[in-house]
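Undergrad: Below is data_2.cif; it holds mmCIF, C-alpha atoms.
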data_work
loop_
_atom_site.group_PDB
_atom_site.id
_atom_site.type_symbol
_atom_site.label_atom_id
_atom_site.label_comp_id
_atom_site.auth_asym_id
_atom_site.auth_seq_id
_atom_site.Cartn_x
_atom_site.Cartn_y
_atom_site.Cartn_z
ATOM 1 C CA LEU A 4 -113.071 -97.038 -28.890
ATOM 2 C CA ALA A 5 -114.680 -94.149 -30.748
ATOM 3 C CA ARG A 6 -115.162 -94.596 -34.461
ATOM 4 C CA SER A 7 -113.727 -92.172 -36.980
ATOM 5 C CA PRO A 8 -116.485 -90.454 -38.971
ATOM 6 C CA THR A 9 -114.647 -91.054 -42.232
ATOM 7 C CA ILE A 10 -112.778 -94.338 -41.761
ATOM 8 C CA PRO A 11 -114.755 -97.547 -41.204
ATOM 9 C CA PRO A 12 -113.593 -99.759 -38.332
ATOM 10 C CA TRP A 13 -111.481 -102.708 -39.430
ATOM 11 C CA PHE A 14 -110.619 -105.253 -36.785
ATOM 12 C CA PRO A 15 -108.634 -108.218 -38.165
ATOM 13 C CA SER A 16 -108.050 -111.274 -36.061
ATOM 14 C CA ARG A 17 -105.074 -111.259 -33.726
ATOM 15 C CA ARG A 18 -103.363 -113.771 -36.037
ATOM 16 C CA GLU A 19 -103.787 -111.366 -38.948
ATOM 17 C CA ALA A 20 -102.657 -108.360 -36.972
ATOM 18 C CA LEU A 21 -99.550 -110.063 -35.624
ATOM 19 C CA ALA A 22 -98.513 -112.300 -38.518
ATOM 20 C CA GLY A 23 -99.244 -109.822 -41.294
ATOM 21 C CA SER A 24 -101.235 -112.316 -43.339
ATOM 22 C CA LEU A 25 -103.537 -109.458 -44.310
ATOM 23 C CA GLY A 26 -100.716 -108.206 -46.544
ATOM 24 C CA ALA A 27 -101.330 -110.939 -49.105
ATOM 25 C CA GLY A 28 -104.620 -109.347 -50.072
ATOM 26 C CA LEU A 29 -103.161 -105.836 -50.119
ATOM 27 C CA LEU A 30 -100.167 -106.443 -52.346
ATOM 28 C CA GLY A 31 -102.061 -105.899 -55.563
ATOM 29 C CA ALA A 32 -103.391 -102.552 -54.330
ATOM 30 C CA MET A 33 -99.957 -101.218 -53.485
ATOM 31 C CA PRO A 34 -98.772 -98.837 -56.242
ATOM 32 C CA GLY A 35 -95.544 -99.755 -58.000
ATOM 33 C CA LEU A 36 -95.435 -103.401 -56.936
ATOM 34 C CA GLY A 37 -96.953 -104.993 -60.032
ATOM 35 C CA ALA A 38 -95.094 -107.366 -62.300
ATOM 36 C CA SER A 39 -94.806 -104.779 -65.075
ATOM 37 C CA GLY A 40 -93.550 -101.216 -65.138
ATOM 38 C CA ASN A 41 -91.248 -98.844 -66.955
ATOM 39 C CA THR A 42 -87.681 -97.704 -66.411
ATOM 40 C CA ALA A 43 -88.434 -94.142 -65.256
ATOM 41 C CA ALA A 44 -87.853 -94.875 -61.565
ATOM 42 C CA ALA A 45 -84.402 -96.388 -62.179
ATOM 43 C CA ARG A 46 -83.569 -93.599 -64.631
ATOM 44 C CA GLY A 47 -84.386 -91.039 -61.965
ATOM 45 C CA VAL A 48 -82.007 -92.682 -59.495
ATOM 46 C CA LEU A 49 -79.147 -92.760 -61.993
ATOM 47 C CA THR A 50 -79.516 -89.170 -63.177
ATOM 48 C CA ARG A 51 -79.777 -87.812 -59.641
ATOM 49 C CA LEU A 52 -76.635 -89.655 -58.544
ATOM 50 C CA PHE A 53 -74.529 -89.595 -61.710
ATOM 51 C CA GLY A 54 -75.721 -86.567 -63.646
ATOM 52 C CA PRO A 55 -77.154 -86.030 -67.140
ATOM 53 C CA ARG A 56 -74.685 -88.402 -68.818
ATOM 54 C CA ALA A 57 -76.454 -91.270 -67.088
ATOM 55 C CA ARG A 58 -79.401 -90.678 -69.438
ATOM 56 C CA LYS A 59 -77.331 -92.401 -72.144
ATOM 57 C CA ILE A 60 -77.372 -95.691 -70.222
ATOM 58 C CA ALA A 61 -79.873 -97.966 -71.945
ATOM 59 C CA LEU A 62 -82.258 -99.644 -69.501
ATOM 60 C CA THR A 63 -84.568 -102.571 -70.208
ATOM 61 C CA LEU A 64 -87.014 -103.979 -67.693
ATOM 62 C CA GLU A 65 -87.413 -107.731 -68.148
ATOM 63 C CA PRO A 66 -89.765 -110.324 -66.599
ATOM 64 C CA PRO A 67 -88.670 -111.668 -63.199
ATOM 65 C CA GLY A 68 -86.777 -114.938 -63.007
ATOM 66 C CA ALA A 69 -86.425 -117.480 -60.256
ATOM 67 C CA ARG A 70 -84.103 -115.037 -58.490
ATOM 68 C CA PRO A 71 -83.663 -111.247 -58.693
ATOM 69 C CA TRP A 72 -81.193 -110.508 -61.503
ATOM 70 C CA TYR A 73 -79.463 -107.958 -63.702
ATOM 71 C CA GLU A 74 -77.077 -108.026 -66.652
ATOM 72 C CA ALA A 75 -74.878 -105.197 -67.942
ATOM 73 C CA ALA A 76 -72.822 -104.938 -71.142
ATOM 74 C CA SER A 77 -71.254 -102.309 -73.408
ATOM 75 C CA PRO A 78 -70.433 -104.027 -76.717
ATOM 76 C CA ASP A 79 -70.514 -100.812 -78.786
ATOM 77 C CA GLY A 80 -69.389 -98.259 -76.208
ATOM 78 C CA THR A 81 -72.911 -97.711 -74.840
ATOM 79 C CA LEU A 82 -73.752 -99.176 -71.470
ATOM 80 C CA THR A 83 -76.887 -101.319 -71.561
ATOM 81 C CA VAL A 84 -78.488 -102.789 -68.458
ATOM 82 C CA ARG A 85 -81.248 -105.354 -68.234
ATOM 83 C CA GLY A 86 -82.967 -106.438 -65.039
ATOM 84 C CA ASP A 87 -86.181 -107.641 -63.488
ATOM 85 C CA SER A 88 -87.032 -104.533 -61.416
ATOM 86 C CA PRO A 89 -86.106 -100.846 -61.098
ATOM 87 C CA ILE A 90 -83.843 -101.823 -58.194
ATOM 88 C CA ALA A 91 -82.083 -104.426 -60.362
ATOM 89 C CA LEU A 92 -81.535 -101.839 -63.110
ATOM 90 C CA ALA A 93 -80.092 -99.285 -60.687
ATOM 91 C CA ARG A 94 -77.918 -101.919 -59.038
ATOM 92 C CA GLY A 95 -76.712 -103.310 -62.362
ATOM 93 C CA ALA A 96 -75.811 -99.880 -63.722
ATOM 94 C CA TYR A 97 -73.918 -98.972 -60.574
ATOM 95 C CA ALA A 98 -72.081 -102.296 -60.503
ATOM 96 C CA ALA A 99 -70.922 -101.674 -64.074
ATOM 97 C CA LEU A 100 -69.829 -98.114 -63.269
ATOM 98 C CA ARG A 101 -67.918 -99.364 -60.246
ATOM 99 C CA GLN A 102 -66.261 -102.068 -62.320
ATOM 100 C CA ILE A 103 -64.756 -99.562 -64.779
ATOM 101 C CA GLY A 104 -63.918 -96.998 -62.082
ATOM 102 C CA ALA A 105 -66.455 -94.457 -63.341
ATOM 103 C CA ALA A 106 -68.446 -93.896 -60.134
ATOM 104 C CA HIS A 107 -68.449 -94.473 -56.405
ATOM 105 C CA VAL A 108 -71.278 -93.418 -54.078
ATOM 106 C CA SER A 109 -70.848 -93.377 -50.314
ATOM 107 C CA TRP A 110 -72.170 -91.683 -47.163
ATOM 108 C CA GLU A 111 -68.975 -89.615 -47.030
ATOM 109 C CA GLY A 112 -68.928 -88.390 -50.621
ATOM 110 C CA ASP A 113 -69.082 -89.380 -54.266
ATOM 111 C CA ARG A 114 -66.772 -89.744 -57.213
ATOM 112 C CA VAL A 115 -68.464 -89.568 -60.617
ATOM 113 C CA ALA A 116 -66.591 -89.580 -63.945
ATOM 114 C CA LEU A 117 -68.769 -91.184 -66.599
ATOM 115 C CA PRO A 118 -66.931 -91.610 -69.922
ATOM 116 C CA ASP A 119 -68.281 -90.533 -73.303
ATOM 117 C CA ARG A 120 -67.676 -94.064 -74.528
ATOM 118 C CA PHE A 121 -67.715 -97.070 -72.226
ATOM 119 C CA PRO A 122 -64.941 -99.667 -72.394
ATOM 120 C CA GLU A 123 -65.983 -103.180 -73.292
ATOM 121 C CA LEU A 124 -67.840 -104.777 -70.412
ATOM 122 C CA ALA A 125 -69.993 -107.865 -69.877
ATOM 123 C CA THR A 126 -71.144 -108.831 -66.396
ATOM 124 C CA GLY A 127 -73.205 -111.808 -67.513
ATOM 125 C CA ARG A 128 -76.403 -112.544 -65.637
ATOM 126 C CA VAL A 129 -75.922 -111.658 -61.971
ATOM 127 C CA GLU A 130 -78.472 -113.190 -59.603
ATOM 128 C CA SER A 131 -79.093 -112.472 -55.945
ATOM 129 C CA PRO A 132 -79.434 -115.518 -53.675
ATOM 130 C CA PHE A 133 -81.824 -113.458 -51.550
ATOM 131 C CA ALA A 134 -85.442 -112.690 -52.416
ATOM 132 C CA HIS A 135 -85.202 -109.460 -50.381
ATOM 133 C CA ARG A 136 -82.365 -107.261 -49.145
ATOM 134 C CA ALA A 137 -83.236 -105.505 -45.891
ATOM 135 C CA TYR A 138 -81.857 -102.232 -44.593
ATOM 136 C CA LEU A 139 -82.046 -99.977 -41.507
ATOM 137 C CA ASN A 140 -83.176 -100.761 -37.978
ATOM 138 C CA THR A 141 -85.597 -99.129 -35.597
ATOM 139 C CA CYS A 142 -82.950 -97.127 -33.744
ATOM 140 C CA THR A 143 -81.699 -95.479 -36.959
ATOM 141 C CA PHE A 144 -84.784 -93.288 -36.780
ATOM 142 C CA GLY A 145 -83.548 -91.830 -33.494
ATOM 143 C CA TYR A 146 -79.771 -91.873 -33.925
ATOM 144 C CA THR A 147 -79.696 -90.638 -37.499
ATOM 145 C CA THR A 148 -82.860 -89.457 -39.248
ATOM 146 C CA PRO A 149 -84.959 -87.281 -36.864
ATOM 147 C CA TRP A 150 -84.011 -84.066 -38.657
ATOM 148 C CA TRP A 151 -83.737 -85.363 -42.216
ATOM 149 C CA GLY A 152 -85.895 -83.642 -44.813
ATOM 150 C CA TRP A 153 -86.857 -84.884 -48.251
ATOM 151 C CA PRO A 154 -83.537 -84.031 -50.023
ATOM 152 C CA ARG A 155 -81.576 -86.165 -47.535
ATOM 153 C CA TRP A 156 -84.102 -88.977 -47.653
ATOM 154 C CA GLN A 157 -84.160 -88.907 -51.453
ATOM 155 C CA ARG A 158 -80.398 -89.250 -51.424
ATOM 156 C CA GLU A 159 -80.620 -92.253 -49.059
ATOM 157 C CA LEU A 160 -83.294 -93.925 -51.177
ATOM 158 C CA ASP A 161 -81.095 -93.516 -54.258
ATOM 159 C CA TRP A 162 -78.201 -95.022 -52.284
ATOM 160 C CA MET A 163 -80.423 -97.964 -51.339
ATOM 161 C CA ALA A 164 -81.410 -98.527 -54.960
ATOM 162 C CA VAL A 165 -77.876 -98.685 -56.363
ATOM 163 C CA HIS A 166 -76.891 -101.064 -53.567
ATOM 164 C CA GLY A 167 -79.780 -103.422 -54.298
ATOM 165 C CA VAL A 168 -81.846 -102.734 -51.176
ATOM 166 C CA ASP A 169 -85.517 -103.556 -51.675
ATOM 167 C CA MET A 170 -86.828 -104.032 -48.119
ATOM 168 C CA PRO A 171 -86.074 -100.960 -45.998
ATOM 169 C CA LEU A 172 -87.739 -100.063 -42.742
ATOM 170 C CA ALA A 173 -90.125 -97.127 -43.202
ATOM 171 C CA MET A 174 -90.691 -95.865 -39.666
ATOM 172 C CA GLU A 175 -91.110 -92.120 -40.234
ATOM 173 C CA GLY A 176 -94.477 -90.454 -39.750
ATOM 174 C CA GLN A 177 -96.042 -92.986 -37.399
ATOM 175 C CA GLU A 178 -96.600 -90.544 -34.528
ATOM 176 C CA TYR A 179 -99.294 -88.938 -36.683
ATOM 177 C CA VAL A 180 -101.171 -92.254 -36.601
ATOM 178 C CA TRP A 181 -100.473 -92.975 -32.938
ATOM 179 C CA ARG A 182 -101.836 -89.540 -32.071
ATOM 180 C CA ALA A 183 -105.049 -90.272 -33.983
ATOM 181 C CA LEU A 184 -105.385 -93.692 -32.348
ATOM 182 C CA TRP A 185 -104.964 -92.429 -28.791
ATOM 183 C CA ARG A 186 -107.310 -89.508 -29.446
ATOM 184 C CA GLU A 187 -109.960 -92.032 -30.501
ATOM 185 C CA ALA A 188 -109.216 -93.992 -27.320
ATOM 186 C CA GLY A 189 -110.107 -90.959 -25.224
ATOM 187 C CA LEU A 190 -106.764 -89.356 -24.357
ATOM 188 C CA SER A 191 -106.808 -85.583 -23.950
ATOM 189 C CA GLU A 192 -104.378 -83.231 -25.665
ATOM 190 C CA ALA A 193 -102.643 -82.677 -22.327
ATOM 191 C CA GLU A 194 -102.234 -86.432 -21.841
ATOM 192 C CA LEU A 195 -100.860 -86.785 -25.376
ATOM 193 C CA ALA A 196 -98.405 -83.965 -24.722
ATOM 194 C CA ASP A 197 -97.133 -85.847 -21.674
ATOM 195 C CA TYR A 198 -96.929 -89.127 -23.607
ATOM 196 C CA PHE A 199 -94.833 -88.525 -26.741
ATOM 197 C CA SER A 200 -91.068 -88.222 -26.281
ATOM 198 C CA GLY A 201 -88.842 -85.777 -28.129
ATOM 199 C CA PRO A 202 -87.804 -86.334 -31.794
ATOM 200 C CA ALA A 203 -84.461 -88.039 -31.143
ATOM 201 C CA PHE A 204 -86.020 -90.551 -28.737
ATOM 202 C CA THR A 205 -89.011 -91.834 -30.707
ATOM 203 C CA PRO A 206 -87.572 -95.347 -31.305
ATOM 204 C CA TRP A 207 -87.334 -95.999 -27.564
ATOM 205 C CA GLN A 208 -90.785 -94.515 -27.046
ATOM 206 C CA ARG A 209 -92.171 -96.889 -29.687
ATOM 207 C CA MET A 210 -90.422 -99.881 -28.107
ATOM 208 C CA GLY A 211 -91.892 -99.134 -24.701
ATOM 209 C CA ASN A 212 -88.643 -98.209 -22.944
ATOM 210 C CA PHE A 213 -90.082 -94.917 -21.711
ATOM 211 C CA GLU A 214 -92.664 -92.263 -22.493
ATOM 212 C CA GLY A 215 -92.719 -88.483 -22.263
ATOM 213 C CA TYR A 216 -88.935 -88.002 -22.320
ATOM 214 C CA CYS A 217 -88.033 -84.468 -23.468
ATOM 215 C CA ALA A 218 -91.733 -83.885 -24.079
ATOM 216 C CA PRO A 219 -93.751 -82.418 -25.646
ATOM 217 C CA LEU A 220 -93.212 -83.584 -29.214
ATOM 218 C CA PRO A 221 -94.053 -80.557 -31.402
ATOM 219 C CA ALA A 222 -97.258 -80.966 -33.399
ATOM 220 C CA ALA A 223 -95.541 -79.286 -36.361
ATOM 221 C CA TRP A 224 -92.852 -82.011 -36.308
ATOM 222 C CA ILE A 225 -95.515 -84.727 -36.311
ATOM 223 C CA ASP A 226 -97.268 -83.149 -39.284
ATOM 224 C CA LYS A 227 -94.034 -82.622 -41.223
ATOM 225 C CA LYS A 228 -93.089 -86.255 -40.683
ATOM 226 C CA ARG A 229 -96.471 -87.295 -42.082
ATOM 227 C CA ASP A 230 -95.784 -85.323 -45.264
ATOM 228 C CA LEU A 231 -92.246 -86.725 -45.426
ATOM 229 C CA GLN A 232 -93.400 -90.337 -45.013
ATOM 230 C CA ARG A 233 -95.814 -89.917 -47.900
ATOM 231 C CA LEU A 234 -92.926 -88.845 -50.131
ATOM 232 C CA ILE A 235 -90.719 -91.670 -48.869
ATOM 233 C CA LEU A 236 -93.344 -94.361 -49.463
ATOM 234 C CA ALA A 237 -94.243 -92.978 -52.880
ATOM 235 C CA ARG A 238 -90.603 -93.277 -53.957
ATOM 236 C CA MET A 239 -90.223 -96.747 -52.412
ATOM 237 C CA ARG A 240 -93.306 -97.981 -54.239
ATOM 238 C CA GLU A 241 -92.165 -96.344 -57.465
ATOM 239 C CA LEU A 242 -88.926 -98.342 -57.190
ATOM 240 C CA ARG A 243 -90.936 -101.479 -56.298
ATOM 241 C CA MET A 244 -89.382 -101.692 -52.875
ATOM 242 C CA ASN A 245 -91.203 -103.625 -50.142
ATOM 243 C CA PRO A 246 -91.168 -101.246 -47.159
ATOM 244 C CA ILE A 247 -91.535 -102.616 -43.652
ATOM 245 C CA LEU A 248 -94.171 -100.546 -41.861
ATOM 246 C CA PRO A 249 -94.942 -100.095 -38.150
ATOM 247 C CA ALA A 250 -97.639 -102.028 -36.325
ATOM 248 C CA PHE A 251 -99.039 -102.187 -32.807
ATOM 249 C CA GLY A 252 -96.791 -104.132 -30.432
ATOM 250 C CA GLY A 253 -98.805 -103.736 -27.254
ATOM 251 C CA TYR A 254 -97.393 -100.690 -25.478
ATOM 252 C CA VAL A 255 -100.037 -98.216 -24.352
ATOM 253 C CA PRO A 256 -99.805 -94.797 -22.686
ATOM 254 C CA LYS A 257 -100.007 -94.663 -18.924
ATOM 255 C CA ALA A 258 -103.125 -92.501 -19.301
ATOM 256 C CA PHE A 259 -104.762 -95.256 -21.381
ATOM 257 C CA ALA A 260 -103.923 -97.866 -18.732
ATOM 258 C CA LEU A 261 -105.494 -95.719 -16.025
ATOM 259 C CA LYS A 262 -108.645 -95.244 -18.114
ATOM 260 C CA ASN A 263 -108.981 -99.004 -18.720
ATOM 261 C CA PRO A 264 -108.510 -100.676 -15.298
ATOM 262 C CA ALA A 265 -110.375 -103.828 -16.366
ATOM 263 C CA ALA A 266 -107.984 -104.528 -19.263
ATOM 264 C CA LYS A 267 -105.111 -106.960 -18.817
ATOM 265 C CA ILE A 268 -102.323 -104.372 -18.874
ATOM 266 C CA TYR A 269 -98.965 -105.058 -17.269
ATOM 267 C CA ARG A 270 -97.030 -102.408 -15.434
ATOM 268 C CA MET A 271 -93.467 -102.815 -16.705
ATOM 269 C CA ARG A 272 -90.508 -102.219 -14.428
ATOM 270 C CA SER A 273 -89.070 -98.723 -14.387
ATOM 271 C CA GLY A 274 -85.364 -98.138 -14.821
ATOM 272 C CA ALA A 275 -82.584 -95.632 -15.519
ATOM 273 C CA GLY A 276 -84.595 -92.839 -13.932
ATOM 274 C CA PHE A 277 -87.669 -93.254 -16.152
ATOM 275 C CA HIS A 278 -91.111 -94.079 -14.818
ATOM 276 C CA GLU A 279 -92.748 -97.392 -15.658
ATOM 277 C CA THR A 280 -94.413 -98.169 -18.996
ATOM 278 C CA TYR A 281 -97.496 -100.270 -19.728
ATOM 279 C CA TRP A 282 -98.019 -103.260 -22.029
ATOM 280 C CA LEU A 283 -101.361 -104.711 -23.110
ATOM 281 C CA ASP A 284 -101.625 -108.505 -23.119
ATOM 282 C CA THR A 285 -102.121 -109.929 -26.605
ATOM 283 C CA GLY A 286 -104.977 -112.082 -25.298
ATOM 284 C CA ASP A 287 -106.994 -109.096 -24.129
ATOM 285 C CA PRO A 288 -109.821 -108.190 -26.555
ATOM 286 C CA LEU A 289 -108.511 -104.615 -26.671
ATOM 287 C CA PHE A 290 -105.270 -105.780 -28.266
ATOM 288 C CA ALA A 291 -106.826 -106.928 -31.549
ATOM 289 C CA LYS A 292 -109.033 -103.837 -31.645
ATOM 290 C CA LEU A 293 -106.124 -101.444 -31.155
ATOM 291 C CA ALA A 294 -103.889 -103.365 -33.567
ATOM 292 C CA GLY A 295 -106.556 -103.408 -36.252
ATOM 293 C CA ARG A 296 -107.504 -99.788 -35.746
ATOM 294 C CA PHE A 297 -103.875 -98.678 -35.948
ATOM 295 C CA LEU A 298 -103.456 -100.488 -39.282
ATOM 296 C CA ALA A 299 -106.716 -99.027 -40.585
ATOM 297 C CA LEU A 300 -105.655 -95.504 -39.666
ATOM 298 C CA TYR A 301 -102.176 -96.108 -41.053
ATOM 299 C CA SER A 302 -103.535 -97.403 -44.367
ATOM 300 C CA ALA A 303 -105.901 -94.445 -44.622
ATOM 301 C CA THR A 304 -102.974 -92.060 -44.095
ATOM 302 C CA TYR A 305 -100.211 -93.753 -46.109
ATOM 303 C CA GLY A 306 -101.753 -96.558 -48.134
ATOM 304 C CA PRO A 307 -101.720 -100.304 -47.441
ATOM 305 C CA GLY A 308 -98.597 -102.382 -46.943
ATOM 306 C CA THR A 309 -97.411 -105.967 -46.991
ATOM 307 C CA TYR A 310 -94.768 -106.285 -44.260
ATOM 308 C CA TYR A 311 -95.149 -104.945 -40.716
ATOM 309 C CA LEU A 312 -92.921 -104.708 -37.669
ATOM 310 C CA ALA A 313 -94.406 -104.894 -34.162
ATOM 311 C CA ASP A 314 -91.799 -104.697 -31.396
ATOM 312 C CA SER A 315 -92.913 -106.119 -28.058
#
What does this structure look like when you write it as structure tokens?
TA:
Amino acid sequence: LARSPTIPPWFPSRREALAGSLGAGLLGAMPGLGASGNTAAARGVLTRLFGPRARKIALTLEPPGARPWYEAASPDGTLTVRGDSPIALARGAYAALRQIGAAHVSWEGDRVALPDRFPELATGRVESPFAHRAYLNTCTFGYTTPWWGWPRWQRELDWMAVHGVDMPLAMEGQEYVWRALWREAGLSEAELADYFSGPAFTPWQRMGNFEGYCAPLPAAWIDKKRDLQRLILARMRELRMNPILPAFGGYVPKAFALKNPAAKIYRMRSGAGFHETYWLDTGDPLFAKLAGRFLALYSATYGPGTYYLADS
């Protein structure tokens, strides 16, 4: 594999690449995931969803407990929310608003009617039995989000926050990294054009079901998704979410398989009118190199992560 002139090669062991143990050393470098922080991220969620009156909600970020928690009360007509993270504050505020019938946020529409003075309310300490609350799946990024821009994604991230989600999949923008990886591996622009499937079919491309369906994938779309993913991850980290990022699962372009006949690459069965796809054995030395290089390129583009998804 050719080396990037600006990014040093980084080839973790196969155990690291597959199990994600490298994330333990990267957690501290990930912006927004420290133990301390302020309430600005939660405040932003509440004002975007519920309007300027939400600025009157008092928010206090507290140290984490044994479990994620929040507590909301309004002893003097002012809603106060305490919690151990920006997500807990957003969730606690929304739970209180729901309880008094002042707000409801859904995919189909919202109802917001914040009172000037809040009725008496005391939720007590509410703890989650789950360390993380996951959201989305790989196919969502084909069925639902291919044409979303930042306003729609910002809305979804706010929805996640008030519903307590802290571990969403973050699959946008990865074609930018795949393109860089396969360029380094020697694929031509024509071969790349034949490889990437159209925007609505990227999940199945990534999972190795097919390649080149409704090709080519516009370069402008790839670049826009890179810019969008940077915004998405910045907001997730600001809210102290733990995004699940893509990793190398073994599928390689047909052109790569033809250029590497000595590698242990399996020709997968074709079906449903699509031609076969190709999967690199995890025991082949190329697997660890490609997996490590993908993560290095991804980190250089979007910053390091902790949790990774590799679908084989």
Undergrad: Check which residues satisfy the PyMOL selection byres ((chain A and resi 60) around 10) in the file shown, then give them as a list in words.
TA: Arg46, Leu49, Thr50, Arg56, Ala57, Arg58, Lys59, Ala61, Leu62, Thr63, Ser77, Thr81, Leu82, Thr83, Val84, Ala96 and Phe121 of chain A
Undergrad: Could you list as a list in words every residue that has an atom within 10 Å of (-92.6, -85.4, -44.2), using the file's coordinates and counting only C-alpha atoms?
TA: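 Selection result: Trp151, Gly152, Trp153, Trp156, Glu175, Gly176, Trp224, Ile225, Asp226, Lys227, Lys228, Arg229, Asp230, Leu231, Gln232, Arg233, Leu234 and Ile235 of chain A.
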Undergrad: Let me know the centre plus edge lengths, in Å and rounded to one decimal, of a box with edges along x, y and z that contains all listed atoms of stretch 258-275 of chain A and is padded by 4 Å on every side, as AutoDock Vina command-line options.
TA:
--center_x -96.5 --center_y -99.7 --center_z -17.9 --size_x 35.8 --size_y 22.5 --size_z 15.0
Undergrad: So what does the PyMOL selection byres ((chain A and resi 256-270) around 9) actually pick up in this one, as a PDB file with C-alpha atoms, in the frame of the given file?
TA:
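Contents of the output file part12.pdb:
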ATOM      1  CA  TRP A 185    -104.964 -92.429 -28.791  1.00  0.00           C
ATOM      2  CA  ALA A 188    -109.216 -93.992 -27.320  1.00  0.00           C
ATOM      3  CA  GLY A 189    -110.107 -90.959 -25.224  1.00  0.00           C
ATOM      4  CA  LEU A 190    -106.764 -89.356 -24.357  1.00  0.00           C
ATOM      5  CA  GLU A 194    -102.234 -86.432 -21.841  1.00  0.00           C
ATOM      6  CA  LEU A 195    -100.860 -86.785 -25.376  1.00  0.00           C
ATOM      7  CA  TYR A 198     -96.929 -89.127 -23.607  1.00  0.00           C
ATOM      8  CA  PHE A 199     -94.833 -88.525 -26.741  1.00  0.00           C
ATOM      9  CA  GLU A 214     -92.664 -92.263 -22.493  1.00  0.00           C
ATOM     10  CA  TYR A 254     -97.393-100.690 -25.478  1.00  0.00           C
ATOM     11  CA  VAL A 255    -100.037 -98.216 -24.352  1.00  0.00           C
ATOM     12  CA  MET A 271     -93.467-102.815 -16.705  1.00  0.00           C
ATOM     13  CA  ARG A 272     -90.508-102.219 -14.428  1.00  0.00           C
ATOM     14  CA  SER A 273     -89.070 -98.723 -14.387  1.00  0.00           C
ATOM     15  CA  GLU A 279     -92.748 -97.392 -15.658  1.00  0.00           C
ATOM     16  CA  THR A 280     -94.413 -98.169 -18.996  1.00  0.00           C
ATOM     17  CA  TYR A 281     -97.496-100.270 -19.728  1.00  0.00           C
ATOM     18  CA  TRP A 282     -98.019-103.260 -22.029  1.00  0.00           C
ATOM     19  CA  LEU A 283    -101.361-104.711 -23.110  1.00  0.00           C
ATOM     20  CA  ASP A 284    -101.625-108.505 -23.119  1.00  0.00           C
ATOM     21  CA  THR A 285    -102.121-109.929 -26.605  1.00  0.00           C
ATOM     22  CA  GLY A 286    -104.977-112.082 -25.298  1.00  0.00           C
ATOM     23  CA  ASP A 287    -106.994-109.096 -24.129  1.00  0.00           C
ATOM     24  CA  PRO A 288    -109.821-108.190 -26.555  1.00  0.00           C
ATOM     25  CA  LEU A 289    -108.511-104.615 -26.671  1.00  0.00           C
TER      26      LEU A 289
END
Undergrad: Using only C-alpha atoms, can you tell me which of A:Tyr146, A:Glu74, A:Leu184, A:Glu178 comes closest to A:Ser200?
TA: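 The closest residue to A:Ser200 is A:Glu178.
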Undergrad: What does the distance from atom CA of A:Ser315 to atom CA of A:Asp197 come to in Å, to one decimal?
TA: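 Distance between the two atoms: 21.7 Å.
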Undergrad: Just give me the gap between atom CA of A:Leu92 and atom CA of A:Ala164 in Å, one decimal is fine.
TA: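 Atom CA of A:Ala164 lies at a distance of 8.8 Å from atom CA of A:Leu92.
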Undergrad: Could you give me, as a tab-separated table, every stretch 84-193 of chain A residue with an atom at most 10 Å from stretch 208-212 of chain A, plus its closest atom pair and distance in Å to one decimal, counting only C-alpha atoms, rows ordered by chain then number?
TA:
residue	atom	partner	partner_atom	distance
A:Thr141	CA	A:Met210	CA	8.9
A:Cys142	CA	A:Met210	CA	9.8
A:Gln177	CA	A:Arg209	CA	9.5
A:Glu178	CA	A:Arg209	CA	9.1
A:Trp181	CA	A:Arg209	CA	9.7
Undergrad: For the atom pair atom CA of A:Gln157 and atom CA of A:Pro118, what is the interatomic distance in Å to one decimal place?
TA: 25.4 Å
Undergrad: May I have the residues within 12 Å of A:Trp72 as a ChimeraX atom specification, using all atoms listed in the file and disregarding those fewer than 5 positions away in the same chain?
TA: /A:64-67,84-95,126-135,167
Undergrad: Store the residues picked out above, limited to C-alpha atoms, as an mmCIF file, in the frame of the given file.
TA:
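New file out.cif:
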data_model
loop_
_atom_site.group_PDB
_atom_site.id
_atom_site.type_symbol
_atom_site.label_atom_id
_atom_site.label_comp_id
_atom_site.auth_asym_id
_atom_site.auth_seq_id
_atom_site.Cartn_x
_atom_site.Cartn_y
_atom_site.Cartn_z
ATOM 1 C CA LEU A 64 -87.014 -103.979 -67.693
ATOM 2 C CA GLU A 65 -87.413 -107.731 -68.148
ATOM 3 C CA PRO A 66 -89.765 -110.324 -66.599
ATOM 4 C CA PRO A 67 -88.670 -111.668 -63.199
ATOM 5 C CA VAL A 84 -78.488 -102.789 -68.458
ATOM 6 C CA ARG A 85 -81.248 -105.354 -68.234
ATOM 7 C CA GLY A 86 -82.967 -106.438 -65.039
ATOM 8 C CA ASP A 87 -86.181 -107.641 -63.488
ATOM 9 C CA SER A 88 -87.032 -104.533 -61.416
ATOM 10 C CA PRO A 89 -86.106 -100.846 -61.098
ATOM 11 C CA ILE A 90 -83.843 -101.823 -58.194
ATOM 12 C CA ALA A 91 -82.083 -104.426 -60.362
ATOM 13 C CA LEU A 92 -81.535 -101.839 -63.110
ATOM 14 C CA ALA A 93 -80.092 -99.285 -60.687
ATOM 15 C CA ARG A 94 -77.918 -101.919 -59.038
ATOM 16 C CA GLY A 95 -76.712 -103.310 -62.362
ATOM 17 C CA THR A 126 -71.144 -108.831 -66.396
ATOM 18 C CA GLY A 127 -73.205 -111.808 -67.513
ATOM 19 C CA ARG A 128 -76.403 -112.544 -65.637
ATOM 20 C CA VAL A 129 -75.922 -111.658 -61.971
ATOM 21 C CA GLU A 130 -78.472 -113.190 -59.603
ATOM 22 C CA SER A 131 -79.093 -112.472 -55.945
ATOM 23 C CA PRO A 132 -79.434 -115.518 -53.675
ATOM 24 C CA PHE A 133 -81.824 -113.458 -51.550
ATOM 25 C CA ALA A 134 -85.442 -112.690 -52.416
ATOM 26 C CA HIS A 135 -85.202 -109.460 -50.381
ATOM 27 C CA GLY A 167 -79.780 -103.422 -54.298
#
